[in-house]
Amino acid sequence: MKKVLSLVLMLQGALAAYGQSVQIQKSITVDSLGAGQGVSYIDGNVYLYGDREVGIIREYILKDHELQYTQKEVQLSIDSKDIINHPTGIAHKSGKPVFIGNSIRLNPEGTQWKAVIYQVNWAGLLQTGTLQGNLIRTIEDDVCIQGTRPEYVQYQGRWYVATADYGNKANEVRLYDPQALVKASKTSEPGILYKKFTCSPWIQNLHFIPDKNILVLIQNQIEGRRWRLTFLDLNQSLAQGKEHVLKVIDFDKSDELEGFTLTRNGQGILVTSSKQSNVHWVTFDY
C-alpha cells in the first residue's frame, strides 16, 4: 500500500463538512480494464470502465476497502465492433436518460478530436452485456474543443448534462439540456447548450456533489501526469462565466488520474490508467 497522504484542506462554505484532511487509505490493482478511464457509483454498486480491446464497463460490490467483482461485464460493442472504444464519463441519474461519452484523440499533437455522446439503455446494457439493442442515440459533440465527459449536475432546480474539455486551450465546462439532447444528432443544434464557463486544463472526468452544489474537476497537473482534484462552486462558476475555485488538492503521484467518485460516509475512489495500483480509496475526514 502506498504511503498515506495527508493534505490540509482550507475549504470554505460548502466543503467545510469534509473536515481537515484527505487520506489515501488503500491502493489495489484491478485487471481486465485495459487502461482505466473512470469510475461511477450507481445504485450502490461501483462501475469501473476502461479501453481494453473494446470499451469495457465492469460492475463491483463495494465492501469496506474491497471491490468484489459481480461477474457482470459490459462490452461497448455491436456485433463485435468496438463502438465506444475510449469511454470517458457516464451520466446517470435516476429517471433521466443515461449517456456515455467517447473521446478520441485523432493525432499525436492533440489538435484533432472526435467526441461522441451515446444515449444508452442502462438496464439493457447490464442485462445483455453489450450495446446490441441498447444504443438509443448517437450524438456528435461538435461544440466541444477537446473531448467529452458527461456527468449530471443540478442548477437552479433542474438537471443538466455537464461535460468538459481536456487540453490547455480555451477549455470550457458546458451544460446541455438532456431533454433536447435525446432528440439531437449534434450538440451544436439549437436548444442543446444551456450555459458554459471557462476552466483549467487537463480534465479527465467530472463528478458532481449535489448536496454541496460542488463540481469536481478530475484533472492532471500536467498533460497526462500527476493527480489533481479541483472543487468548484457550480452556481458561482456559471454566474461568473469562469471557474469559481473552492479548493485544489494536488497529490504527489506521477501517473495519470482518470476518475473519481464519492461513495458513502465521506469515502471515495480514485482510478488511474496504470496497469498496477490503479484503484485507490480516499477518505475525507469529518
# chains A, B, ... in the order shown; residues from 1 in each chain; ligands from 1

call {"tool": "residues_around", "arguments": {"residues": "Asp31 (chain A)", "least_positions_apart": "2", "cutoff": "10 Å", "atoms": "only C-alpha atoms", "output": "list of chain:residue names"}}
result
A:Ile28, A:Thr29, A:Leu33, A:Gly34, A:Ala35, A:Gly36, A:Lys275, A:Gln276, A:Ser277, A:Asn278

call {"tool": "write_last_selection", "arguments": {"atoms": "all heavy atoms", "output": "PDB file, in the first residue's frame"}}
result
ATOM      1  N   ILE A  28      -5.054  -0.726  -4.761  1.00  0.00           N
ATOM      2  CA  ILE A  28      -5.075  -2.093  -5.270  1.00  0.00           C
ATOM      3  C   ILE A  28      -4.947  -2.074  -6.787  1.00  0.00           C
ATOM      4  O   ILE A  28      -5.061  -1.021  -7.434  1.00  0.00           O
ATOM      5  CB  ILE A  28      -6.372  -2.837  -4.876  1.00  0.00           C
ATOM      6  CG1 ILE A  28      -7.587  -2.188  -5.566  1.00  0.00           C
ATOM      7  CG2 ILE A  28      -6.553  -2.884  -3.379  1.00  0.00           C
ATOM      8  CD1 ILE A  28      -8.857  -3.020  -5.449  1.00  0.00           C
ATOM      9  N   THR A  29      -4.730  -3.240  -7.347  1.00  0.00           N
ATOM     10  CA  THR A  29      -4.694  -3.407  -8.796  1.00  0.00           C
ATOM     11  C   THR A  29      -5.952  -4.138  -9.239  1.00  0.00           C
ATOM     12  O   THR A  29      -6.261  -5.219  -8.735  1.00  0.00           O
ATOM     13  CB  THR A  29      -3.459  -4.211  -9.226  1.00  0.00           C
ATOM     14  OG1 THR A  29      -2.275  -3.487  -8.862  1.00  0.00           O
ATOM     15  CG2 THR A  29      -3.468  -4.434 -10.741  1.00  0.00           C
ATOM     16  N   LEU A  33      -9.321  -4.117 -17.331  1.00  0.00           N
ATOM     17  CA  LEU A  33      -9.909  -2.841 -17.756  1.00  0.00           C
ATOM     18  C   LEU A  33      -9.207  -2.251 -18.965  1.00  0.00           C
ATOM     19  O   LEU A  33      -9.733  -1.325 -19.578  1.00  0.00           O
ATOM     20  CB  LEU A  33      -9.831  -1.820 -16.609  1.00  0.00           C
ATOM     21  CG  LEU A  33     -10.621  -2.099 -15.340  1.00  0.00           C
ATOM     22  CD1 LEU A  33     -10.317  -1.032 -14.298  1.00  0.00           C
ATOM     23  CD2 LEU A  33     -12.109  -2.174 -15.630  1.00  0.00           C
ATOM     24  N   GLY A  34      -8.055  -2.792 -19.344  1.00  0.00           N
ATOM     25  CA  GLY A  34      -7.191  -2.066 -20.260  1.00  0.00           C
ATOM     26  C   GLY A  34      -6.595  -0.920 -19.459  1.00  0.00           C
ATOM     27  O   GLY A  34      -6.144  -1.099 -18.341  1.00  0.00           O
ATOM     28  N   ALA A  35      -6.625   0.291 -20.024  1.00  0.00           N
ATOM     29  CA  ALA A  35      -6.271   1.482 -19.252  1.00  0.00           C
ATOM     30  C   ALA A  35      -7.549   2.022 -18.629  1.00  0.00           C
ATOM     31  O   ALA A  35      -8.504   2.352 -19.335  1.00  0.00           O
ATOM     32  CB  ALA A  35      -5.630   2.531 -20.155  1.00  0.00           C
ATOM     33  N   GLY A  36      -7.590   2.079 -17.296  1.00  0.00           N
ATOM     34  CA  GLY A  36      -8.774   2.591 -16.628  1.00  0.00           C
ATOM     35  C   GLY A  36      -9.082   4.004 -17.059  1.00  0.00           C
ATOM     36  O   GLY A  36      -8.189   4.838 -17.186  1.00  0.00           O
ATOM     37  N   LYS A 275      -1.376   0.133 -15.132  1.00  0.00           N
ATOM     38  CA  LYS A 275      -1.643  -1.304 -15.091  1.00  0.00           C
ATOM     39  C   LYS A 275      -1.601  -1.837 -13.662  1.00  0.00           C
ATOM     40  O   LYS A 275      -2.277  -2.815 -13.347  1.00  0.00           O
ATOM     41  CB  LYS A 275      -0.623  -2.059 -15.948  1.00  0.00           C
ATOM     42  CG  LYS A 275      -0.652  -1.672 -17.422  1.00  0.00           C
ATOM     43  CD  LYS A 275      -2.000  -1.986 -18.058  1.00  0.00           C
ATOM     44  CE  LYS A 275      -1.976  -1.679 -19.553  1.00  0.00           C
ATOM     45  NZ  LYS A 275      -3.326  -1.872 -20.171  1.00  0.00           N
ATOM     46  N   GLN A 276      -0.797  -1.224 -12.812  1.00  0.00           N
ATOM     47  CA  GLN A 276      -0.663  -1.635 -11.427  1.00  0.00           C
ATOM     48  C   GLN A 276      -1.117  -0.494 -10.513  1.00  0.00           C
ATOM     49  O   GLN A 276      -0.981   0.674 -10.850  1.00  0.00           O
ATOM     50  CB  GLN A 276       0.798  -1.998 -11.110  1.00  0.00           C
ATOM     51  CG  GLN A 276       1.372  -3.103 -11.989  1.00  0.00           C
ATOM     52  CD  GLN A 276       0.717  -4.442 -11.745  1.00  0.00           C
ATOM     53  OE1 GLN A 276       0.388  -4.788 -10.608  1.00  0.00           O
ATOM     54  NE2 GLN A 276       0.539  -5.223 -12.799  1.00  0.00           N
ATOM     55  N   SER A 277      -1.644  -0.872  -9.341  1.00  0.00           N
ATOM     56  CA  SER A 277      -2.111   0.122  -8.362  1.00  0.00           C
ATOM     57  C   SER A 277      -2.957   1.197  -9.039  1.00  0.00           C
ATOM     58  O   SER A 277      -2.657   2.390  -8.979  1.00  0.00           O
ATOM     59  CB  SER A 277      -0.919   0.762  -7.638  1.00  0.00           C
ATOM     60  OG  SER A 277      -0.219  -0.187  -6.872  1.00  0.00           O
ATOM     61  N   ASN A 278      -4.029   0.755  -9.667  1.00  0.00           N
ATOM     62  CA  ASN A 278      -4.849   1.677 -10.459  1.00  0.00           C
ATOM     63  C   ASN A 278      -6.149   2.096  -9.787  1.00  0.00           C
ATOM     64  O   ASN A 278      -6.889   2.919 -10.316  1.00  0.00           O
ATOM     65  CB  ASN A 278      -5.164   1.072 -11.834  1.00  0.00           C
ATOM     66  CG  ASN A 278      -5.822  -0.296 -11.746  1.00  0.00           C
ATOM     67  OD1 ASN A 278      -5.939  -0.874 -10.678  1.00  0.00           O
ATOM     68  ND2 ASN A 278      -6.251  -0.821 -12.886  1.00  0.00           N
TER      69      ASN A 278
END

call {"tool": "atom_distance", "arguments": {"atom1": "CA of Thr261 (chain A)", "atom2": "CA of Gln132 (chain A)"}}
result
27.8 Å

call {"tool": "closest_atom_pairs", "arguments": {"of": "region 35-123 of chain A", "to": "region 198-221 of chain A", "cutoff": "12 Å", "atoms": "only C-alpha atoms", "output": "tab-separated table"}}
result
residue	atom	partner	partner_atom	distance
A:Gly36	CA	A:Gln204	CA	11.3
A:Gln37	CA	A:Gln204	CA	8.2
A:Gly38	CA	A:Asn205	CA	7.3
A:Val39	CA	A:Asn205	CA	9.3
A:Ser40	CA	A:His207	CA	8.8
A:Tyr41	CA	A:His207	CA	10.3
A:His86	CA	A:Gln204	CA	11.8
A:Pro87	CA	A:Asn205	CA	10.5
A:Thr88	CA	A:Asn205	CA	6.8
A:Gly89	CA	A:Asn205	CA	6.3
A:Ile90	CA	A:Asn205	CA	9.5
A:Ala91	CA	A:His207	CA	9.7
A:His92	CA	A:Phe208	CA	11.2
A:Lys93	CA	A:Phe208	CA	11.2
A:Ile100	CA	A:Asn205	CA	11.8
A:Gly101	CA	A:Asn205	CA	10.1
A:Asn102	CA	A:Asn205	CA	11.6
A:Ser103	CA	A:Gln204	CA	10.0
A:Gly110	CA	A:Trp202	CA	11.7

call {"tool": "select_by_dssp", "arguments": {"residues": "region 128-264 of chain A", "states": "strand (DSSP E)", "output": "ChimeraX atom specification"}}
result
/A:135-140,151-155,158-164,172-176,193-198,203-209,214-222,225-233,245-250,257-262

call {"tool": "select_by_dssp", "arguments": {"residues": "region 154-283 of chain A", "states": "helix (DSSP H, G or I)", "output": "JSON, numbers by chain"}}
result
{"A": [178, 179, 180, 181, 210, 211, 212, 234, 235, 236, 237, 238, 239, 240]}

call {"tool": "write_last_selection", "arguments": {"atoms": "C-alpha atoms", "output": "PDB file, in the first residue's frame"}}
result
ATOM      1  CA  PRO A 178     -30.823  16.365 -21.559  1.00  0.00           C
ATOM      2  CA  GLN A 179     -34.352  16.510 -22.979  1.00  0.00           C
ATOM      3  CA  ALA A 180     -33.069  18.317 -26.055  1.00  0.00           C
ATOM      4  CA  LEU A 181     -30.028  16.045 -26.227  1.00  0.00           C
ATOM      5  CA  PRO A 210     -25.375  17.538  -5.277  1.00  0.00           C
ATOM      6  CA  ASP A 211     -25.891  18.302  -1.578  1.00  0.00           C
ATOM      7  CA  LYS A 212     -22.951  20.745  -1.691  1.00  0.00           C
ATOM      8  CA  LEU A 234     -21.094  25.429  -9.708  1.00  0.00           C
ATOM      9  CA  ASN A 235     -23.535  28.325  -9.252  1.00  0.00           C
ATOM     10  CA  GLN A 236     -20.785  30.908  -8.954  1.00  0.00           C
ATOM     11  CA  SER A 237     -18.862  29.443 -11.877  1.00  0.00           C
ATOM     12  CA  LEU A 238     -21.892  29.696 -14.153  1.00  0.00           C
ATOM     13  CA  ALA A 239     -22.738  33.204 -12.919  1.00  0.00           C
ATOM     14  CA  GLN A 240     -19.187  34.473 -13.450  1.00  0.00           C
TER      15      GLN A 240
END
